[in-house]
>>> print(open('work.cif').read())   # mmCIF, C-alpha atoms
data_work
loop_
_atom_site.label_atom_id
_atom_site.label_comp_id
_atom_site.auth_asym_id
_atom_site.auth_seq_id
_atom_site.Cartn_x
_atom_site.Cartn_y
_atom_site.Cartn_z
CA GLY A 1 0.00 0.00 0.00
CA VAL A 2 2.80 2.43 0.86
CA ALA A 3 4.62 1.54 -2.35
CA TRP A 4 1.55 2.12 -4.52
CA ALA A 5 0.74 5.37 -2.73
CA THR A 6 4.29 6.61 -3.28
CA PHE A 7 4.23 5.64 -6.95
CA LEU A 8 0.84 7.25 -7.61
CA CYS A 9 1.49 10.55 -5.79
CA GLN A 10 4.94 11.01 -7.32
CA GLY A 11 3.65 9.99 -10.76
CA VAL A 12 0.87 12.58 -10.63
CA SER A 13 3.30 15.20 -9.30
CA CYS A 14 5.76 14.45 -12.11
CA ALA A 15 3.07 14.70 -14.80
CA LEU A 16 1.78 18.03 -13.45
CA ALA A 17 5.32 19.42 -13.16
CA VAL A 18 6.20 18.46 -16.76
CA ILE A 19 2.95 19.93 -18.11
CA THR A 20 3.47 23.19 -16.16
CA VAL A 21 7.09 23.58 -17.31
CA TRP A 22 6.15 22.77 -20.92
CA LYS A 23 3.38 25.39 -20.95
CA ARG A 24 5.65 28.07 -19.48
CA LEU A 25 8.44 27.30 -21.94
CA LYS A 26 6.03 27.72 -24.87
CA ARG A 27 5.31 31.28 -23.70
CA ILE A 28 8.96 32.29 -24.07
CA GLU A 29 9.54 33.99 -27.41
CA VAL A 30 12.72 32.92 -29.24
CA LYS A 31 14.06 33.73 -32.70
CA GLU A 32 14.88 30.15 -33.57
CA LYS A 33 13.14 26.96 -32.56
CA PRO A 34 15.25 25.32 -29.82
CA SER A 35 16.46 21.76 -30.31
CA LEU A 36 14.70 19.00 -28.43
CA MET A 37 17.94 17.80 -26.83
CA ASP A 38 21.11 19.77 -26.07
CA LEU A 39 24.01 17.38 -25.47
CA GLY A 40 26.15 20.11 -23.89
CA ILE A 41 23.53 20.89 -21.24
CA LEU A 42 22.84 17.17 -20.78
CA LYS A 43 26.54 16.58 -20.04
CA LYS A 44 26.55 19.34 -17.41
CA ILE A 45 23.46 17.85 -15.78
CA VAL A 46 24.89 14.32 -15.79
CA ILE A 47 28.14 15.49 -14.16
CA ILE A 48 26.16 16.71 -11.14
CA ALA A 49 23.22 14.30 -11.24
CA VAL A 50 25.10 10.98 -11.31
CA PRO A 51 27.24 11.67 -8.20
CA SER A 52 24.11 12.96 -6.43
CA ILE A 53 22.33 9.70 -7.28
CA PHE A 54 25.25 7.70 -5.91
CA GLN A 55 25.25 9.86 -2.79
CA GLN A 56 21.58 9.13 -2.13
CA SER A 57 22.25 5.44 -2.75
CA PHE A 58 25.17 5.47 -0.30
CA ILE A 59 22.99 7.11 2.33
CA SER A 60 20.21 4.55 1.80
CA VAL A 61 22.62 1.60 1.97
CA GLY A 62 24.27 3.05 5.08
CA ASN A 63 20.90 3.57 6.76
CA ILE A 64 19.93 -0.04 6.00
CA MET A 65 23.18 -1.30 7.54
CA ILE A 66 22.77 0.89 10.62
CA GLN A 67 19.11 -0.13 10.91
CA SER A 68 20.19 -3.79 10.93
CA VAL A 69 22.38 -3.03 13.96
CA ILE A 70 19.53 -1.19 15.69
CA ASN A 71 17.08 -4.03 14.98
CA GLY A 72 19.27 -6.33 17.05
CA PHE A 73 18.35 -4.38 20.20
CA GLY A 74 14.64 -5.14 19.91
CA ALA A 75 11.39 -3.37 19.08
CA SER A 76 11.63 -0.71 21.80
CA VAL A 77 15.00 0.61 20.62
CA MET A 78 13.79 0.48 17.00
CA ALA A 79 10.76 2.60 17.88
CA GLY A 80 12.79 5.09 19.93
CA TYR A 81 15.39 5.47 17.19
CA SER A 82 12.74 6.02 14.50
CA ALA A 83 11.02 8.69 16.60
CA ALA A 84 14.31 10.46 17.35
CA VAL A 85 15.33 10.47 13.68
CA LYS A 86 12.08 12.27 12.80
CA LEU A 87 13.20 15.11 15.10
CA ASN A 88 16.78 15.01 13.89
CA ASN A 89 16.42 15.70 10.14
CA ILE A 90 18.31 18.86 9.11
CA GLY A 91 18.68 20.24 5.58
CA ASN A 92 20.27 23.16 3.77
CA GLY A 93 19.64 25.15 0.61
CA ILE A 94 23.00 26.67 -0.14
CA SER A 95 23.73 24.65 -3.31
CA ASN A 96 21.66 26.92 -5.57
CA TYR A 97 23.27 30.02 -4.08
CA SER A 98 26.76 28.64 -4.83
CA ALA A 99 25.83 27.59 -8.36
CA GLN A 100 24.36 31.00 -9.19
CA ASN A 101 27.45 32.87 -7.99
CA LEU A 102 29.74 30.40 -9.75
CA GLY A 103 27.89 31.05 -13.01
CA ALA A 104 28.08 34.81 -12.44
CA ARG A 105 31.83 34.48 -11.68
CA LYS A 106 31.32 36.11 -8.29
CA TYR A 107 33.59 33.64 -6.53
CA GLU A 108 34.14 35.77 -3.44
CA ARG A 109 30.39 35.58 -2.69
CA ILE A 110 30.61 31.78 -2.37
CA GLY A 111 32.99 32.13 0.57
CA GLN A 112 30.78 34.82 2.06
CA GLY A 113 27.76 32.54 1.64
CA PHE A 114 29.57 29.69 3.35
CA ARG A 115 30.40 31.83 6.39
CA ALA A 116 26.87 33.26 6.49
CA GLY A 117 25.41 29.75 6.17
CA LEU A 118 27.49 28.55 9.11
CA LYS A 119 26.32 31.44 11.26
CA MET A 120 22.68 30.78 10.36
CA VAL A 121 22.72 27.04 11.08
CA TRP A 122 24.73 27.52 14.27
CA CYS A 123 22.16 30.05 15.49
CA LEU A 124 19.53 27.36 14.91
CA CYS A 125 21.61 24.61 16.51
CA LEU A 126 21.70 26.17 19.97
CA PRO A 127 17.92 26.34 20.59
CA PHE A 128 17.39 22.90 19.04
CA CYS A 129 20.13 21.43 21.22
CA VAL A 130 18.60 22.93 24.37
CA LEU A 131 15.11 21.89 23.27
CA TYR A 132 16.06 18.26 22.60
CA ILE A 133 18.13 17.85 25.77
CA PHE A 134 15.58 19.28 28.19
CA LEU A 135 12.26 18.72 26.38
CA GLY A 136 13.13 15.75 24.16
CA LYS A 137 10.76 13.48 26.09
CA TYR A 138 7.70 15.56 25.24
CA LEU A 139 8.69 15.96 21.61
CA LEU A 140 9.22 12.21 21.23
CA LEU A 141 5.73 11.61 22.61
CA LEU A 142 4.43 13.19 19.39
CA PHE A 143 5.57 9.97 17.69
CA LEU A 144 5.37 7.46 20.56
CA GLU A 145 2.72 6.24 22.96
CA GLN A 146 2.91 7.29 26.61
CA GLY A 147 3.50 3.72 27.73
CA SER A 148 6.52 3.10 25.47
CA VAL A 149 9.04 3.58 28.29
CA ASP A 150 11.95 1.69 26.69
CA ALA A 151 11.39 3.29 23.30
CA LEU A 152 11.21 6.73 24.91
CA LEU A 153 14.48 6.11 26.75
CA ALA A 154 16.22 4.99 23.55
CA GLY A 155 14.99 8.06 21.70
CA ARG A 156 16.12 10.41 24.47
CA GLN A 157 19.57 8.81 24.58
CA PHE A 158 19.89 9.30 20.82
CA LEU A 159 19.02 13.00 21.11
CA TRP A 160 21.24 13.53 24.17
CA ILE A 161 24.26 12.10 22.38
CA LEU A 162 23.77 13.73 18.98
CA SER A 163 22.27 17.16 19.65
CA PRO A 164 25.42 18.64 21.30
CA PHE A 165 27.26 17.86 18.06
CA TYR A 166 24.75 19.61 15.78
CA PHE A 167 27.35 22.35 15.26
CA ILE A 168 29.63 19.84 13.52
CA VAL A 169 26.83 18.07 11.63
CA SER A 170 25.37 21.34 10.34
CA ALA A 171 28.81 22.58 9.23
CA LYS A 172 29.17 19.42 7.14
CA LEU A 173 25.75 19.98 5.57
CA VAL A 174 26.67 23.53 4.58
CA ALA A 175 30.03 22.37 3.18
CA ASP A 176 28.26 19.60 1.21
CA GLY A 177 25.94 22.22 -0.26
CA ILE A 178 28.90 24.34 -1.37
CA LEU A 179 30.60 21.34 -3.00
CA ARG A 180 27.43 20.37 -4.88
CA GLY A 181 26.72 23.92 -5.98
CA THR A 182 30.26 24.46 -7.31
CA SER A 183 30.27 21.08 -9.15
CA ALA A 184 33.12 19.76 -6.99
CA MET A 185 31.51 16.33 -7.22
CA GLY A 186 34.72 14.36 -6.74
CA GLN A 187 35.34 15.94 -3.36
CA PHE A 188 31.63 15.67 -2.55
CA MET A 189 31.59 11.94 -3.33
CA THR A 190 34.75 11.38 -1.27
CA ALA A 191 33.24 13.13 1.74
CA THR A 192 29.96 11.23 1.39
CA PHE A 193 31.60 7.83 0.99
CA THR A 194 33.90 8.48 3.96
CA ASP A 195 30.85 9.45 6.01
CA LEU A 196 29.10 6.21 5.03
CA ILE A 197 32.06 3.98 5.93
CA LEU A 198 32.64 5.68 9.29
CA ARG A 199 28.95 5.57 10.25
CA VAL A 200 28.59 1.86 9.48
CA VAL A 201 31.89 0.82 11.07
CA LEU A 202 31.37 2.90 14.21
CA ALA A 203 27.76 1.69 14.53
CA HIS A 204 28.98 -1.91 14.62
CA VAL A 205 31.93 -1.16 16.94
CA LEU A 206 30.01 0.97 19.46
CA SER A 207 27.00 -1.37 19.56
CA GLY A 208 29.16 -4.29 20.66
#
>>> encode(input="work.cif", output="structure tokens")
Amino acid sequence: GVAWATFLCQGVSCALAVITVWKRLKRIEVKEKPSLMDLGILKKIVIIAVPSIFQQSFISVGNIMIQSVINGFGASVMAGYSAAVKLNNIGNGISNYSAQNLGARKYERIGQGFRAGLKMVWCLCLPFCVLYIFLGKYLLLLFLEQGSVDALLAGRQFLWILSPFYFIVSAKLVADGILRGTSAMGQFMTATFTDLILRVVLAHVLSG
């Protein structure tokens, strides 16, 4: 049921997006009819898209491996971990900013954006860290039942350990966004793959 729901909603979304883009492109007046496929643009897209696909695959494989370790601790820890992860998701939108300034040859603005991005996420990290350490129990109850004592304890331990290090995690996310936006995909892949290996290895070592 979840698989069919995902397929249907994303299929409809894709169809509507393509139709909308196609209609808007037809409104743009051009002197010559554009070609259906531009190999030069396709190459630029592939250079960024393929490493991004691999990165998402690495993350998925790593999560499966880590989940297998967590499953060994029983249903309560699994439930607590899942609830804590829902509170722990952090993202960034600096890739587009970097790409735009790279295209405009305003390279100094990329460094400025990186420093500004760090300041912004670090300003967010402090309240989230305090919130999760002192009020994590009540936030986890949004995803858990009141009687799930073991699951609640596992979720709180996860937040207590990770939230103080949000400053490091968020800095990595900003740096990843800069690497993607500037098409430094080799360095981006290296950082991602190193992250995957360390997460899986340390998960097995520290769970022993």
>>> resolve_selection(input="work.cif", expression="the PyMOL selection byres ((chain A and resi 193) around 12)", output="PyMOL selection string")
chain A and resi 51-52+54-62+185-192+194-200
>>> residues_around(input="work.cif", residues="region 67-71 of chain A", least_positions_apart="6", cutoff="7 Å", atoms="only C-alpha atoms", output="list in words")
Val77, Met78 and His204 of chain A
>>> write_last_selection(input="work.cif", atoms="C-alpha atoms", output="PDB file, in the coordinates of the input")
ATOM      1  CA  VAL A  77      15.000   0.610  20.620  1.00  0.00           C
ATOM      2  CA  MET A  78      13.790   0.480  17.000  1.00  0.00           C
ATOM      3  CA  HIS A 204      28.980  -1.910  14.620  1.00  0.00           C
TER       4      HIS A 204
END
>>> closest_residue(input="work.cif", among="A:Leu162, A:Cys9, A:Val201, A:Ala75", to="Phe128 (chain A)", atoms="only C-alpha atoms")
A:Leu162
>>> residues_near_point(input="work.cif", point="(29.3, 25.2, 13.2)", cutoff="9 Å", atoms="all atoms listed in the file", output="PyMOL selection string")
chain A and resi 118-119+121-123+125+166-172
>>> atom_distance(input="work.cif", atom1="CA of Leu42 (chain A)", atom2="CA of Ala184 (chain A)")
17.4 Å
>>> atom_distance(input="work.cif", atom1="CA of Gly80 (chain A)", atom2="CA of Leu152 (chain A)")
5.5 Å
>>> atom_distance(input="work.cif", atom1="CA of Leu173 (chain A)", atom2="CA of Lys44 (chain A)")
23.0 Å
>>> build_atoms(input="work.cif", residues="region 149-160 of chain A", atoms="all heavy atoms", output="PDB file, in the frame of the given file")
ATOM      1  N   VAL A 149       7.970   3.075  27.432  1.00  0.00           N
ATOM      2  CA  VAL A 149       9.040   3.580  28.290  1.00  0.00           C
ATOM      3  C   VAL A 149      10.411   3.300  27.687  1.00  0.00           C
ATOM      4  O   VAL A 149      11.267   4.191  27.609  1.00  0.00           O
ATOM      5  CB  VAL A 149       8.940   2.943  29.696  1.00  0.00           C
ATOM      6  CG1 VAL A 149      10.081   3.437  30.573  1.00  0.00           C
ATOM      7  CG2 VAL A 149       7.587   3.268  30.325  1.00  0.00           C
ATOM      8  N   ASP A 150      10.642   2.056  27.253  1.00  0.00           N
ATOM      9  CA  ASP A 150      11.950   1.690  26.690  1.00  0.00           C
ATOM     10  C   ASP A 150      12.233   2.445  25.397  1.00  0.00           C
ATOM     11  O   ASP A 150      13.357   2.897  25.162  1.00  0.00           O
ATOM     12  CB  ASP A 150      12.017   0.181  26.439  1.00  0.00           C
ATOM     13  CG  ASP A 150      12.005  -0.622  27.733  1.00  0.00           C
ATOM     14  OD1 ASP A 150      12.397  -0.056  28.772  1.00  0.00           O
ATOM     15  OD2 ASP A 150      11.599  -1.796  27.695  1.00  0.00           O
ATOM     16  N   ALA A 151      11.220   2.564  24.560  1.00  0.00           N
ATOM     17  CA  ALA A 151      11.390   3.290  23.300  1.00  0.00           C
ATOM     18  C   ALA A 151      11.684   4.762  23.565  1.00  0.00           C
ATOM     19  O   ALA A 151      12.525   5.382  22.911  1.00  0.00           O
ATOM     20  CB  ALA A 151      10.133   3.151  22.436  1.00  0.00           C
ATOM     21  N   LEU A 152      10.993   5.314  24.553  1.00  0.00           N
ATOM     22  CA  LEU A 152      11.210   6.730  24.910  1.00  0.00           C
ATOM     23  C   LEU A 152      12.619   6.945  25.431  1.00  0.00           C
ATOM     24  O   LEU A 152      13.286   7.926  25.082  1.00  0.00           O
ATOM     25  CB  LEU A 152      10.184   7.138  25.974  1.00  0.00           C
ATOM     26  CG  LEU A 152      10.123   8.622  26.334  1.00  0.00           C
ATOM     27  CD1 LEU A 152       9.746   9.457  25.118  1.00  0.00           C
ATOM     28  CD2 LEU A 152       9.104   8.842  27.449  1.00  0.00           C
ATOM     29  N   LEU A 153      13.121   6.007  26.227  1.00  0.00           N
ATOM     30  CA  LEU A 153      14.480   6.110  26.750  1.00  0.00           C
ATOM     31  C   LEU A 153      15.509   6.040  25.636  1.00  0.00           C
ATOM     32  O   LEU A 153      16.477   6.819  25.618  1.00  0.00           O
ATOM     33  CB  LEU A 153      14.724   4.989  27.772  1.00  0.00           C
ATOM     34  CG  LEU A 153      16.132   4.931  28.387  1.00  0.00           C
ATOM     35  CD1 LEU A 153      16.433   6.229  29.131  1.00  0.00           C
ATOM     36  CD2 LEU A 153      16.257   3.728  29.315  1.00  0.00           C
ATOM     37  N   ALA A 154      15.295   5.128  24.684  1.00  0.00           N
ATOM     38  CA  ALA A 154      16.220   4.990  23.550  1.00  0.00           C
ATOM     39  C   ALA A 154      16.245   6.258  22.718  1.00  0.00           C
ATOM     40  O   ALA A 154      17.309   6.730  22.287  1.00  0.00           O
ATOM     41  CB  ALA A 154      15.830   3.788  22.694  1.00  0.00           C
ATOM     42  N   GLY A 155      15.065   6.834  22.477  1.00  0.00           N
ATOM     43  CA  GLY A 155      14.990   8.060  21.700  1.00  0.00           C
ATOM     44  C   GLY A 155      15.674   9.226  22.390  1.00  0.00           C
ATOM     45  O   GLY A 155      16.381  10.020  21.763  1.00  0.00           O
ATOM     46  N   ARG A 156      15.484   9.318  23.706  1.00  0.00           N
ATOM     47  CA  ARG A 156      16.120  10.410  24.470  1.00  0.00           C
ATOM     48  C   ARG A 156      17.632  10.253  24.487  1.00  0.00           C
ATOM     49  O   ARG A 156      18.369  11.244  24.367  1.00  0.00           O
ATOM     50  CB  ARG A 156      15.573  10.423  25.896  1.00  0.00           C
ATOM     51  CG  ARG A 156      14.107  10.833  25.992  1.00  0.00           C
ATOM     52  CD  ARG A 156      13.620  10.822  27.422  1.00  0.00           C
ATOM     53  NE  ARG A 156      14.187  11.920  28.195  1.00  0.00           N
ATOM     54  CZ  ARG A 156      13.999  12.087  29.490  1.00  0.00           C
ATOM     55  NH1 ARG A 156      13.256  11.206  30.164  1.00  0.00           N
ATOM     56  NH2 ARG A 156      14.538  13.115  30.127  1.00  0.00           N
ATOM     57  N   GLN A 157      18.118   9.040  24.607  1.00  0.00           N
ATOM     58  CA  GLN A 157      19.570   8.810  24.580  1.00  0.00           C
ATOM     59  C   GLN A 157      20.150   9.229  23.233  1.00  0.00           C
ATOM     60  O   GLN A 157      21.228   9.831  23.171  1.00  0.00           O
ATOM     61  CB  GLN A 157      19.873   7.339  24.851  1.00  0.00           C
ATOM     62  CG  GLN A 157      19.672   6.932  26.302  1.00  0.00           C
ATOM     63  CD  GLN A 157      19.940   5.456  26.533  1.00  0.00           C
ATOM     64  OE1 GLN A 157      19.819   4.648  25.623  1.00  0.00           O
ATOM     65  NE2 GLN A 157      20.302   5.107  27.756  1.00  0.00           N
ATOM     66  N   PHE A 158      19.439   8.921  22.159  1.00  0.00           N
ATOM     67  CA  PHE A 158      19.890   9.300  20.820  1.00  0.00           C
ATOM     68  C   PHE A 158      20.016  10.824  20.714  1.00  0.00           C
ATOM     69  O   PHE A 158      21.021  11.345  20.230  1.00  0.00           O
ATOM     70  CB  PHE A 158      18.886   8.779  19.781  1.00  0.00           C
ATOM     71  CG  PHE A 158      19.234   9.119  18.357  1.00  0.00           C
ATOM     72  CD1 PHE A 158      20.029   8.287  17.603  1.00  0.00           C
ATOM     73  CD2 PHE A 158      18.750  10.290  17.766  1.00  0.00           C
ATOM     74  CE1 PHE A 158      20.347   8.600  16.285  1.00  0.00           C
ATOM     75  CE2 PHE A 158      19.061  10.606  16.465  1.00  0.00           C
ATOM     76  CZ  PHE A 158      19.863   9.760  15.728  1.00  0.00           C
ATOM     77  N   LEU A 159      19.002  11.543  21.185  1.00  0.00           N
ATOM     78  CA  LEU A 159      19.020  13.000  21.110  1.00  0.00           C
ATOM     79  C   LEU A 159      20.069  13.605  22.035  1.00  0.00           C
ATOM     80  O   LEU A 159      20.731  14.582  21.692  1.00  0.00           O
ATOM     81  CB  LEU A 159      17.631  13.560  21.454  1.00  0.00           C
ATOM     82  CG  LEU A 159      16.514  13.242  20.453  1.00  0.00           C
ATOM     83  CD1 LEU A 159      15.176  13.757  20.980  1.00  0.00           C
ATOM     84  CD2 LEU A 159      16.804  13.841  19.087  1.00  0.00           C
ATOM     85  N   TRP A 160      20.234  13.025  23.228  1.00  0.00           N
ATOM     86  CA  TRP A 160      21.240  13.530  24.170  1.00  0.00           C
ATOM     87  C   TRP A 160      22.650  13.421  23.607  1.00  0.00           C
ATOM     88  O   TRP A 160      23.476  14.302  23.794  1.00  0.00           O
ATOM     89  CB  TRP A 160      21.149  12.762  25.485  1.00  0.00           C
ATOM     90  CG  TRP A 160      19.961  13.104  26.325  1.00  0.00           C
ATOM     91  CD1 TRP A 160      19.190  14.231  26.236  1.00  0.00           C
ATOM     92  CD2 TRP A 160      19.382  12.306  27.365  1.00  0.00           C
ATOM     93  NE1 TRP A 160      18.177  14.187  27.155  1.00  0.00           N
ATOM     94  CE2 TRP A 160      18.260  13.022  27.870  1.00  0.00           C
ATOM     95  CE3 TRP A 160      19.690  11.077  27.921  1.00  0.00           C
ATOM     96  CZ2 TRP A 160      17.472  12.539  28.896  1.00  0.00           C
ATOM     97  CZ3 TRP A 160      18.901  10.585  28.950  1.00  0.00           C
ATOM     98  CH2 TRP A 160      17.801  11.313  29.425  1.00  0.00           C
TER      99      TRP A 160
END
